Every structure is written in C-alpha cells, then in structure tokens.
$ cat query01.txt   # compact mmCIF, N, CA, C and O atoms
# COMPACT_ATOMS: atom_id res chain seq x y z
N MET A 1 43.63 -22.69 36.38
CA MET A 1 44.24 -23.50 35.33
C MET A 1 45.11 -22.57 34.48
O MET A 1 44.61 -21.64 33.85
N ARG A 2 46.39 -22.84 34.47
CA ARG A 2 47.34 -22.01 33.71
C ARG A 2 47.47 -22.51 32.27
O ARG A 2 47.27 -23.69 32.00
N LEU A 3 47.84 -21.62 31.38
CA LEU A 3 48.01 -21.98 29.97
C LEU A 3 49.04 -23.08 29.81
O LEU A 3 48.87 -23.99 28.99
N ARG A 4 50.09 -23.03 30.59
CA ARG A 4 51.14 -24.06 30.51
C ARG A 4 50.56 -25.44 30.85
O ARG A 4 50.91 -26.44 30.22
N ASP A 5 49.68 -25.50 31.84
CA ASP A 5 49.06 -26.76 32.22
C ASP A 5 48.11 -27.26 31.14
O ASP A 5 48.04 -28.45 30.86
N VAL A 6 47.39 -26.34 30.51
CA VAL A 6 46.50 -26.70 29.41
C VAL A 6 47.31 -27.25 28.24
O VAL A 6 46.96 -28.27 27.65
N ALA A 7 48.41 -26.60 27.92
CA ALA A 7 49.27 -27.05 26.82
C ALA A 7 49.80 -28.46 27.09
O ALA A 7 49.88 -29.28 26.18
N GLU A 8 50.13 -28.73 28.35
CA GLU A 8 50.60 -30.07 28.69
C GLU A 8 49.46 -31.08 28.62
O GLU A 8 49.64 -32.20 28.14
N LEU A 9 48.29 -30.69 29.08
CA LEU A 9 47.12 -31.58 29.07
C LEU A 9 46.77 -32.02 27.66
O LEU A 9 46.54 -33.20 27.41
N VAL A 10 46.75 -31.07 26.73
CA VAL A 10 46.36 -31.39 25.35
C VAL A 10 47.54 -31.82 24.48
O VAL A 10 47.35 -32.12 23.30
N ARG A 11 48.73 -31.85 25.09
CA ARG A 11 49.95 -32.20 24.36
C ARG A 11 50.08 -31.32 23.11
O ARG A 11 50.19 -31.79 21.98
N ALA A 12 50.04 -30.03 23.34
CA ALA A 12 50.00 -29.02 22.27
C ALA A 12 51.04 -29.23 21.17
O ALA A 12 50.68 -29.19 19.98
N PRO A 13 52.31 -29.48 21.49
CA PRO A 13 53.28 -29.63 20.40
C PRO A 13 53.00 -30.81 19.46
O PRO A 13 53.33 -30.75 18.28
N ALA A 14 52.34 -31.83 19.97
CA ALA A 14 52.06 -33.00 19.13
C ALA A 14 51.08 -32.66 18.01
O ALA A 14 51.04 -33.34 16.99
N ALA A 15 50.29 -31.61 18.18
CA ALA A 15 49.32 -31.22 17.15
C ALA A 15 50.00 -30.66 15.91
O ALA A 15 49.34 -30.47 14.89
N LEU A 16 51.29 -30.40 15.97
CA LEU A 16 52.00 -29.91 14.78
C LEU A 16 51.99 -30.94 13.65
O LEU A 16 52.18 -30.59 12.49
N THR A 17 51.75 -32.21 13.99
CA THR A 17 51.69 -33.24 12.96
C THR A 17 50.32 -33.31 12.29
O THR A 17 50.19 -33.90 11.23
N VAL A 18 49.31 -32.72 12.90
CA VAL A 18 47.93 -32.85 12.43
C VAL A 18 47.66 -32.09 11.13
O VAL A 18 47.00 -32.64 10.24
N PRO A 19 48.08 -30.86 10.94
CA PRO A 19 47.72 -30.12 9.72
C PRO A 19 48.15 -30.82 8.43
O PRO A 19 47.42 -30.76 7.43
N GLY A 20 49.27 -31.48 8.47
CA GLY A 20 49.73 -32.16 7.26
C GLY A 20 48.75 -33.22 6.78
O GLY A 20 48.57 -33.40 5.57
N ASP A 21 48.11 -33.90 7.72
CA ASP A 21 47.17 -34.94 7.34
C ASP A 21 45.95 -34.37 6.60
O ASP A 21 45.56 -34.88 5.55
N SER A 22 45.38 -33.32 7.17
CA SER A 22 44.19 -32.76 6.53
C SER A 22 44.53 -32.07 5.21
O SER A 22 43.77 -32.14 4.24
N LEU A 23 45.68 -31.43 5.14
CA LEU A 23 46.08 -30.79 3.88
C LEU A 23 46.44 -31.82 2.82
O LEU A 23 46.14 -31.62 1.63
N ALA A 24 47.06 -32.92 3.21
CA ALA A 24 47.36 -33.98 2.25
C ALA A 24 46.08 -34.58 1.69
O ALA A 24 45.97 -34.85 0.49
N GLY A 25 45.10 -34.78 2.57
CA GLY A 25 43.81 -35.30 2.11
C GLY A 25 43.12 -34.33 1.16
O GLY A 25 42.56 -34.73 0.14
N ALA A 26 43.18 -33.04 1.48
CA ALA A 26 42.57 -32.03 0.61
C ALA A 26 43.29 -31.98 -0.74
O ALA A 26 42.65 -31.86 -1.79
N ALA A 27 44.60 -32.08 -0.71
CA ALA A 27 45.36 -32.07 -1.96
C ALA A 27 45.02 -33.28 -2.82
O ALA A 27 44.86 -33.17 -4.04
N ALA A 28 44.89 -34.44 -2.18
CA ALA A 28 44.55 -35.65 -2.92
C ALA A 28 43.15 -35.55 -3.54
O ALA A 28 42.89 -36.13 -4.58
N ALA A 29 42.28 -34.78 -2.90
CA ALA A 29 40.91 -34.61 -3.41
C ALA A 29 40.82 -33.43 -4.37
O ALA A 29 39.73 -33.11 -4.85
N GLY A 30 41.93 -32.76 -4.63
CA GLY A 30 41.93 -31.64 -5.56
C GLY A 30 41.45 -30.34 -4.94
O GLY A 30 40.93 -29.49 -5.63
N PHE A 31 41.61 -30.18 -3.64
CA PHE A 31 41.19 -28.99 -2.91
C PHE A 31 39.75 -28.60 -3.28
O PHE A 31 39.51 -27.51 -3.81
N PRO A 32 38.79 -29.50 -3.00
CA PRO A 32 37.42 -29.26 -3.46
C PRO A 32 36.74 -28.03 -2.84
O PRO A 32 35.76 -27.55 -3.39
N TYR A 33 37.25 -27.53 -1.73
CA TYR A 33 36.60 -26.40 -1.08
C TYR A 33 37.39 -25.10 -1.25
O TYR A 33 37.11 -24.11 -0.59
N GLY A 34 38.38 -25.11 -2.11
CA GLY A 34 39.16 -23.92 -2.38
C GLY A 34 39.83 -23.35 -1.15
O GLY A 34 40.41 -24.07 -0.35
N ALA A 35 39.71 -22.05 -0.96
CA ALA A 35 40.37 -21.37 0.15
C ALA A 35 39.83 -21.83 1.50
O ALA A 35 40.54 -21.78 2.51
N ARG A 36 38.59 -22.31 1.54
CA ARG A 36 38.02 -22.78 2.81
C ARG A 36 38.77 -23.99 3.34
O ARG A 36 38.71 -24.29 4.53
N THR A 37 39.50 -24.67 2.47
CA THR A 37 40.28 -25.83 2.90
C THR A 37 41.31 -25.45 3.95
O THR A 37 41.69 -26.28 4.77
N ALA A 38 41.74 -24.20 3.96
CA ALA A 38 42.74 -23.75 4.92
C ALA A 38 42.24 -23.85 6.36
O ALA A 38 43.05 -23.88 7.30
N VAL A 39 40.94 -23.91 6.56
CA VAL A 39 40.37 -24.01 7.90
C VAL A 39 40.47 -25.43 8.45
O VAL A 39 40.48 -25.63 9.66
N THR A 40 40.57 -26.42 7.59
CA THR A 40 40.54 -27.82 8.05
C THR A 40 41.69 -28.17 8.99
O THR A 40 41.47 -28.94 9.93
N PRO A 41 42.90 -27.65 8.82
CA PRO A 41 43.94 -27.97 9.80
C PRO A 41 43.61 -27.45 11.21
O PRO A 41 43.92 -28.11 12.20
N LEU A 42 42.97 -26.30 11.28
CA LEU A 42 42.56 -25.76 12.58
C LEU A 42 41.50 -26.65 13.22
O LEU A 42 41.54 -26.92 14.42
N ALA A 43 40.55 -27.08 12.42
CA ALA A 43 39.51 -27.98 12.93
C ALA A 43 40.13 -29.28 13.42
O ALA A 43 39.78 -29.77 14.51
N SER A 44 41.06 -29.81 12.65
CA SER A 44 41.72 -31.05 13.04
C SER A 44 42.51 -30.90 14.33
O SER A 44 42.48 -31.78 15.20
N ALA A 45 43.21 -29.79 14.48
CA ALA A 45 43.99 -29.56 15.70
C ALA A 45 43.07 -29.45 16.91
O ALA A 45 43.37 -30.02 17.98
N CYS A 46 41.95 -28.76 16.78
CA CYS A 46 41.01 -28.65 17.90
C CYS A 46 40.47 -30.02 18.30
O CYS A 46 40.39 -30.34 19.50
N LEU A 47 40.14 -30.83 17.31
CA LEU A 47 39.62 -32.16 17.62
C LEU A 47 40.70 -33.06 18.23
O LEU A 47 40.42 -33.85 19.14
N TYR A 48 41.92 -32.91 17.78
CA TYR A 48 43.03 -33.67 18.35
C TYR A 48 43.23 -33.28 19.81
O TYR A 48 43.34 -34.14 20.69
N TRP A 49 43.26 -31.98 20.08
CA TRP A 49 43.45 -31.51 21.45
C TRP A 49 42.29 -31.95 22.35
O TRP A 49 42.50 -32.29 23.50
N ALA A 50 41.08 -31.93 21.81
CA ALA A 50 39.92 -32.39 22.58
C ALA A 50 40.10 -33.85 22.97
O ALA A 50 39.81 -34.23 24.12
N GLY A 51 40.58 -34.65 22.05
CA GLY A 51 40.81 -36.06 22.34
C GLY A 51 41.87 -36.27 23.40
O GLY A 51 41.73 -37.15 24.26
N MET A 52 42.91 -35.46 23.39
CA MET A 52 43.95 -35.58 24.41
C MET A 52 43.41 -35.23 25.80
O MET A 52 43.68 -35.92 26.78
N ALA A 53 42.63 -34.15 25.88
CA ALA A 53 42.05 -33.75 27.17
C ALA A 53 41.06 -34.80 27.66
O ALA A 53 41.05 -35.15 28.85
N LEU A 54 40.26 -35.34 26.75
CA LEU A 54 39.28 -36.36 27.13
C LEU A 54 39.98 -37.65 27.55
O LEU A 54 39.54 -38.32 28.50
N ASN A 55 41.07 -37.99 26.90
CA ASN A 55 41.84 -39.16 27.29
C ASN A 55 42.37 -39.03 28.72
O ASN A 55 42.27 -39.96 29.52
N ASP A 56 42.93 -37.87 29.02
CA ASP A 56 43.45 -37.67 30.38
C ASP A 56 42.32 -37.65 31.41
O ASP A 56 42.50 -38.11 32.54
N TYR A 57 41.16 -37.13 31.03
CA TYR A 57 40.00 -37.16 31.92
C TYR A 57 39.61 -38.61 32.20
O TYR A 57 39.40 -39.00 33.35
N ALA A 58 39.52 -39.41 31.16
CA ALA A 58 39.11 -40.81 31.31
C ALA A 58 40.15 -41.64 32.08
O ALA A 58 39.78 -42.56 32.81
N ASP A 59 41.42 -41.32 31.92
CA ASP A 59 42.50 -42.08 32.55
C ASP A 59 42.96 -41.49 33.88
O ASP A 59 43.98 -41.90 34.41
N ARG A 60 42.22 -40.57 34.44
CA ARG A 60 42.70 -39.85 35.63
C ARG A 60 42.99 -40.76 36.82
O ARG A 60 43.94 -40.53 37.55
N ASP A 61 42.21 -41.82 37.01
CA ASP A 61 42.46 -42.72 38.14
C ASP A 61 43.74 -43.53 37.92
O ASP A 61 44.55 -43.70 38.83
N LEU A 62 43.94 -44.03 36.70
CA LEU A 62 45.16 -44.77 36.38
C LEU A 62 46.37 -43.84 36.44
O LEU A 62 47.42 -44.22 36.96
N ASP A 63 46.21 -42.63 35.91
CA ASP A 63 47.31 -41.67 35.92
C ASP A 63 47.70 -41.28 37.34
O ASP A 63 48.86 -40.96 37.61
N ARG A 64 46.76 -41.31 38.27
CA ARG A 64 47.07 -41.00 39.66
C ARG A 64 48.14 -41.97 40.20
O ARG A 64 49.00 -41.59 40.98
N LEU A 65 48.10 -43.20 39.69
CA LEU A 65 49.08 -44.21 40.12
C LEU A 65 50.33 -44.23 39.25
O LEU A 65 51.44 -44.34 39.76
N GLU A 66 50.14 -44.16 37.93
CA GLU A 66 51.26 -44.35 37.00
C GLU A 66 51.91 -43.06 36.50
O GLU A 66 53.07 -43.09 36.11
N ARG A 67 51.17 -41.98 36.46
CA ARG A 67 51.70 -40.71 35.96
C ARG A 67 51.23 -39.55 36.85
O ARG A 67 50.51 -38.65 36.38
N PRO A 68 51.62 -39.55 38.10
CA PRO A 68 51.13 -38.52 39.02
C PRO A 68 51.56 -37.10 38.66
O PRO A 68 51.00 -36.14 39.18
N GLU A 69 52.52 -36.98 37.76
CA GLU A 69 52.99 -35.65 37.36
C GLU A 69 52.09 -35.01 36.30
O GLU A 69 52.22 -33.81 36.03
N ARG A 70 51.17 -35.77 35.70
CA ARG A 70 50.27 -35.23 34.68
C ARG A 70 49.38 -34.14 35.30
O ARG A 70 49.18 -34.11 36.52
N PRO A 71 48.81 -33.26 34.50
CA PRO A 71 48.06 -32.13 35.04
C PRO A 71 46.88 -32.48 35.95
O PRO A 71 46.67 -31.82 36.96
N ILE A 72 46.09 -33.50 35.61
CA ILE A 72 44.93 -33.82 36.45
C ILE A 72 45.34 -34.46 37.77
O ILE A 72 44.95 -33.97 38.84
N PRO A 73 46.13 -35.55 37.76
CA PRO A 73 46.47 -36.16 39.05
C PRO A 73 47.30 -35.25 39.96
O PRO A 73 47.21 -35.36 41.18
N SER A 74 48.06 -34.35 39.37
CA SER A 74 48.87 -33.44 40.18
C SER A 74 48.03 -32.31 40.77
O SER A 74 48.52 -31.55 41.61
N GLY A 75 46.78 -32.17 40.31
CA GLY A 75 45.90 -31.13 40.82
C GLY A 75 46.00 -29.80 40.11
O GLY A 75 45.32 -28.84 40.46
N ARG A 76 46.86 -29.72 39.08
CA ARG A 76 47.00 -28.46 38.35
C ARG A 76 45.80 -28.17 37.46
O ARG A 76 45.50 -27.02 37.15
N VAL A 77 45.10 -29.23 37.04
CA VAL A 77 43.87 -29.10 36.25
C VAL A 77 42.84 -29.99 36.92
O VAL A 77 43.10 -31.16 37.18
N LYS A 78 41.67 -29.42 37.20
CA LYS A 78 40.59 -30.20 37.81
C LYS A 78 39.93 -31.07 36.74
O LYS A 78 39.88 -30.68 35.56
N PRO A 79 39.43 -32.26 37.11
CA PRO A 79 38.78 -33.12 36.12
C PRO A 79 37.66 -32.41 35.35
O PRO A 79 37.55 -32.55 34.14
N GLY A 80 36.86 -31.63 36.04
CA GLY A 80 35.78 -30.89 35.37
C GLY A 80 36.29 -29.88 34.37
O GLY A 80 35.66 -29.66 33.33
N GLU A 81 37.42 -29.27 34.68
CA GLU A 81 38.02 -28.32 33.74
C GLU A 81 38.49 -29.03 32.48
O GLU A 81 38.32 -28.52 31.37
N ALA A 82 39.08 -30.21 32.66
CA ALA A 82 39.55 -30.98 31.50
C ALA A 82 38.37 -31.40 30.63
O ALA A 82 38.44 -31.32 29.39
N LEU A 83 37.29 -31.82 31.27
CA LEU A 83 36.09 -32.23 30.52
C LEU A 83 35.48 -31.04 29.79
O LEU A 83 35.09 -31.15 28.62
N ALA A 84 35.40 -29.90 30.45
CA ALA A 84 34.87 -28.69 29.81
C ALA A 84 35.75 -28.25 28.64
O ALA A 84 35.24 -27.84 27.59
N LEU A 85 37.06 -28.35 28.82
CA LEU A 85 37.98 -27.99 27.75
C LEU A 85 37.79 -28.92 26.55
O LEU A 85 37.75 -28.46 25.40
N ALA A 86 37.65 -30.22 26.82
CA ALA A 86 37.42 -31.19 25.74
C ALA A 86 36.13 -30.87 25.00
O ALA A 86 36.09 -30.91 23.76
N ALA A 87 35.08 -30.52 25.73
CA ALA A 87 33.81 -30.19 25.10
C ALA A 87 33.93 -28.92 24.25
O ALA A 87 33.43 -28.87 23.12
N GLY A 88 34.60 -27.91 24.78
CA GLY A 88 34.78 -26.67 24.04
C GLY A 88 35.62 -26.85 22.79
O GLY A 88 35.29 -26.30 21.71
N LEU A 89 36.68 -27.63 22.90
CA LEU A 89 37.53 -27.88 21.73
C LEU A 89 36.79 -28.72 20.68
O LEU A 89 36.97 -28.51 19.48
N THR A 90 35.96 -29.64 21.14
CA THR A 90 35.17 -30.43 20.20
C THR A 90 34.19 -29.52 19.44
O THR A 90 34.08 -29.60 18.22
N ALA A 91 33.51 -28.65 20.17
CA ALA A 91 32.59 -27.73 19.53
C ALA A 91 33.31 -26.82 18.54
O ALA A 91 32.82 -26.57 17.43
N ALA A 92 34.49 -26.33 18.92
CA ALA A 92 35.27 -25.47 18.04
C ALA A 92 35.70 -26.23 16.79
O ALA A 92 35.61 -25.72 15.67
N GLY A 93 36.16 -27.46 16.97
CA GLY A 93 36.58 -28.27 15.83
C GLY A 93 35.46 -28.56 14.86
O GLY A 93 35.61 -28.44 13.65
N VAL A 94 34.30 -28.93 15.39
CA VAL A 94 33.15 -29.22 14.54
C VAL A 94 32.67 -27.93 13.86
O VAL A 94 32.34 -27.94 12.66
N GLY A 95 32.68 -26.83 14.58
CA GLY A 95 32.29 -25.55 14.00
C GLY A 95 33.21 -25.13 12.86
O GLY A 95 32.75 -24.69 11.80
N LEU A 96 34.51 -25.27 13.08
CA LEU A 96 35.47 -24.92 12.03
C LEU A 96 35.33 -25.85 10.82
O LEU A 96 35.42 -25.40 9.67
N ALA A 97 35.09 -27.12 11.08
CA ALA A 97 34.90 -28.06 9.96
C ALA A 97 33.65 -27.70 9.17
O ALA A 97 33.63 -27.81 7.93
N ALA A 98 32.61 -27.25 9.86
CA ALA A 98 31.39 -26.85 9.16
C ALA A 98 31.64 -25.63 8.28
O ALA A 98 31.06 -25.51 7.19
N LEU A 99 32.52 -24.72 8.73
CA LEU A 99 32.87 -23.57 7.91
C LEU A 99 33.59 -23.98 6.62
O LEU A 99 33.43 -23.35 5.58
N ALA A 100 34.39 -25.01 6.73
CA ALA A 100 35.14 -25.49 5.55
C ALA A 100 34.21 -26.18 4.60
O ALA A 100 34.42 -26.20 3.42

$ encode --input "query01.txt" --output "structure tokens"
Amino acid sequence: MRLRDVAELVRAPAALTVPGDSLAGAAAAGFPYGARTAVTPLASACLYWAGMALNDYADRDLDRLERPERPIPSGRVKPGEALALAAGLTAAGVGLAALA
C-alpha cells in the first residue's frame, strides 16, 4: 500500500476543511482547554480520514461497479488494509481528543 493510495483512500486534501470547524467551536466556547485546544484539529482530521477509509471499505462492492478506479476496487489497497487504517486512525483521533 503506497502513501499516494492511502491519501486517495482517505481523501486527504478534503481534510483541510476540518480544522476550521473544531477551532471555530473552541473559539465559540472561549477556548476552554487553552493550548490543548490546538490538538483538536488533529483529532478531527484523524476521525475524518477514518470515516473516509471506512466508507470505501463498506462501499467496496458498489465501487467495484461504479468507481473501479478507487483504491480498493482497483486492488491498490486491500479491504483489510483499509479497515485496519480506519481502526488506527479512529484510535489516533480518540487518543488525541483525550489529550485535549
């Protein structure tokens, strides 16, 4: 599994929209966790990427027909690898959120 394929699987560039949401929420709450609030965008991005990988894992049969160029149906990423990546990113996201 190449990094380029992982980036496509999790739709890495789309996560650039995620930090603004968590920072806006923290600002609206008055930054209750101080400097630890800076970790929340990382946690959010990990959880977003986990959701993208899990979505492609769940849709792999449909994608085989409708989007054969996607990483799983094309064989560039194995279904088990996508599921493991989703689990790892979920654990990382929850861990980072706990730090905040």

$ residues_around --input "query01.txt" --residues "region 17-22 of chain A" --least-positions-apart "2" --cutoff "7 Å" --atoms "all atoms listed in the file" --output "list in words"
Ala12, Pro13, Ala14, Ala15, Ala24, Gly25, Ala26, Ala27, Ala28, Thr37, Thr40, Pro41, Leu42, Ser44 and Ala45 of chain A

$ write_last_selection --input "query01.txt" --atoms "N, CA, C and O atoms" --output "short mmCIF file (atom, residue, chain, number, x, y, z; two decimals), in the coordinates of the input"
data_model
loop_
_atom_site.label_atom_id
_atom_site.label_comp_id
_atom_site.auth_asym_id
_atom_site.auth_seq_id
_atom_site.Cartn_x
_atom_site.Cartn_y
_atom_site.Cartn_z
N ALA A 12 50.04 -30.03 23.34
CA ALA A 12 50.00 -29.02 22.27
C ALA A 12 51.04 -29.23 21.17
O ALA A 12 50.68 -29.19 19.98
N PRO A 13 52.31 -29.48 21.49
CA PRO A 13 53.28 -29.63 20.40
C PRO A 13 53.00 -30.81 19.46
O PRO A 13 53.33 -30.75 18.28
N ALA A 14 52.34 -31.83 19.97
CA ALA A 14 52.06 -33.00 19.13
C ALA A 14 51.08 -32.66 18.01
O ALA A 14 51.04 -33.34 16.99
N ALA A 15 50.29 -31.61 18.18
CA ALA A 15 49.32 -31.22 17.15
C ALA A 15 50.00 -30.66 15.91
O ALA A 15 49.34 -30.47 14.89
N ALA A 24 47.06 -32.92 3.21
CA ALA A 24 47.36 -33.98 2.25
C ALA A 24 46.08 -34.58 1.69
O ALA A 24 45.97 -34.85 0.49
N GLY A 25 45.10 -34.78 2.57
CA GLY A 25 43.81 -35.30 2.11
C GLY A 25 43.12 -34.33 1.16
O GLY A 25 42.56 -34.73 0.14
N ALA A 26 43.18 -33.04 1.48
CA ALA A 26 42.57 -32.03 0.61
C ALA A 26 43.29 -31.98 -0.74
O ALA A 26 42.65 -31.86 -1.79
N ALA A 27 44.60 -32.08 -0.71
CA ALA A 27 45.36 -32.07 -1.96
C ALA A 27 45.02 -33.28 -2.82
O ALA A 27 44.86 -33.17 -4.04
N ALA A 28 44.89 -34.44 -2.18
CA ALA A 28 44.55 -35.65 -2.92
C ALA A 28 43.15 -35.55 -3.54
O ALA A 28 42.89 -36.13 -4.58
N THR A 37 39.50 -24.67 2.47
CA THR A 37 40.28 -25.83 2.90
C THR A 37 41.31 -25.45 3.95
O THR A 37 41.69 -26.28 4.77
N THR A 40 40.57 -26.42 7.59
CA THR A 40 40.54 -27.82 8.05
C THR A 40 41.69 -28.17 8.99
O THR A 40 41.47 -28.94 9.93
N PRO A 41 42.90 -27.65 8.82
CA PRO A 41 43.94 -27.97 9.80
C PRO A 41 43.61 -27.45 11.21
O PRO A 41 43.92 -28.11 12.20
N LEU A 42 42.97 -26.30 11.28
CA LEU A 42 42.56 -25.76 12.58
C LEU A 42 41.50 -26.65 13.22
O LEU A 42 41.54 -26.92 14.42
N SER A 44 41.06 -29.81 12.65
CA SER A 44 41.72 -31.05 13.04
C SER A 44 42.51 -30.90 14.33
O SER A 44 42.48 -31.78 15.20
N ALA A 45 43.21 -29.79 14.48
CA ALA A 45 43.99 -29.56 15.70
C ALA A 45 43.07 -29.45 16.91
O ALA A 45 43.37 -30.02 17.98
#

$ residues_around --input "query01.txt" --residues "region 57-64 of chain A" --least-positions-apart "4" --cutoff "8 Å" --atoms "only C-alpha atoms" --output "PyMOL selection string"
chain A and resi 53+68+70+72-74+79+82-83

$ select_by_dssp --input "query01.txt" --residues "chain A" --states "helix (DSSP H, G or I)" --output "number ranges by chain"
A: 3-9, 12-28, 34-58, 60-66, 79-99

$ atom_distance --input "query01.txt" --atom1 "atom C of Gly80 (chain A)" --atom2 "atom N of Gly51 (chain A)"
13.9 Å

$ atom_distance --input "query01.txt" --atom1 "atom N of Ala91 (chain A)" --atom2 "CA of Trp49 (chain A)"
10.4 Å

$ atom_distance --input "query01.txt" --atom1 "atom N of Glu81 (chain A)" --atom2 "atom C of Ala7 (chain A)"
14.5 Å

$ closest_residue --input "query01.txt" --among "A:Arg76, A:Leu65, A:Ala43, A:Pro71" --to "Ala98 (chain A)" --atoms "only N, CA, C and O atoms"
A:Ala43

$ closest_residue --input "query01.txt" --among "A:Ala29, A:Ala38, A:Leu16, A:Val77" --to "Ala97 (chain A)" --atoms "only C-alpha atoms"
A:Ala38

$ closest_residue --input "query01.txt" --among "A:Leu85, A:Ala35, A:Leu54, A:Glu66" --to "Ala100 (chain A)" --atoms "only N, CA, C and O atoms"
A:Ala35

$ closest_residue --input "query01.txt" --among "A:Met1, A:Val39, A:Leu9, A:Gly93" --to "Met52 (chain A)" --atoms "only C-alpha atoms"
A:Leu9
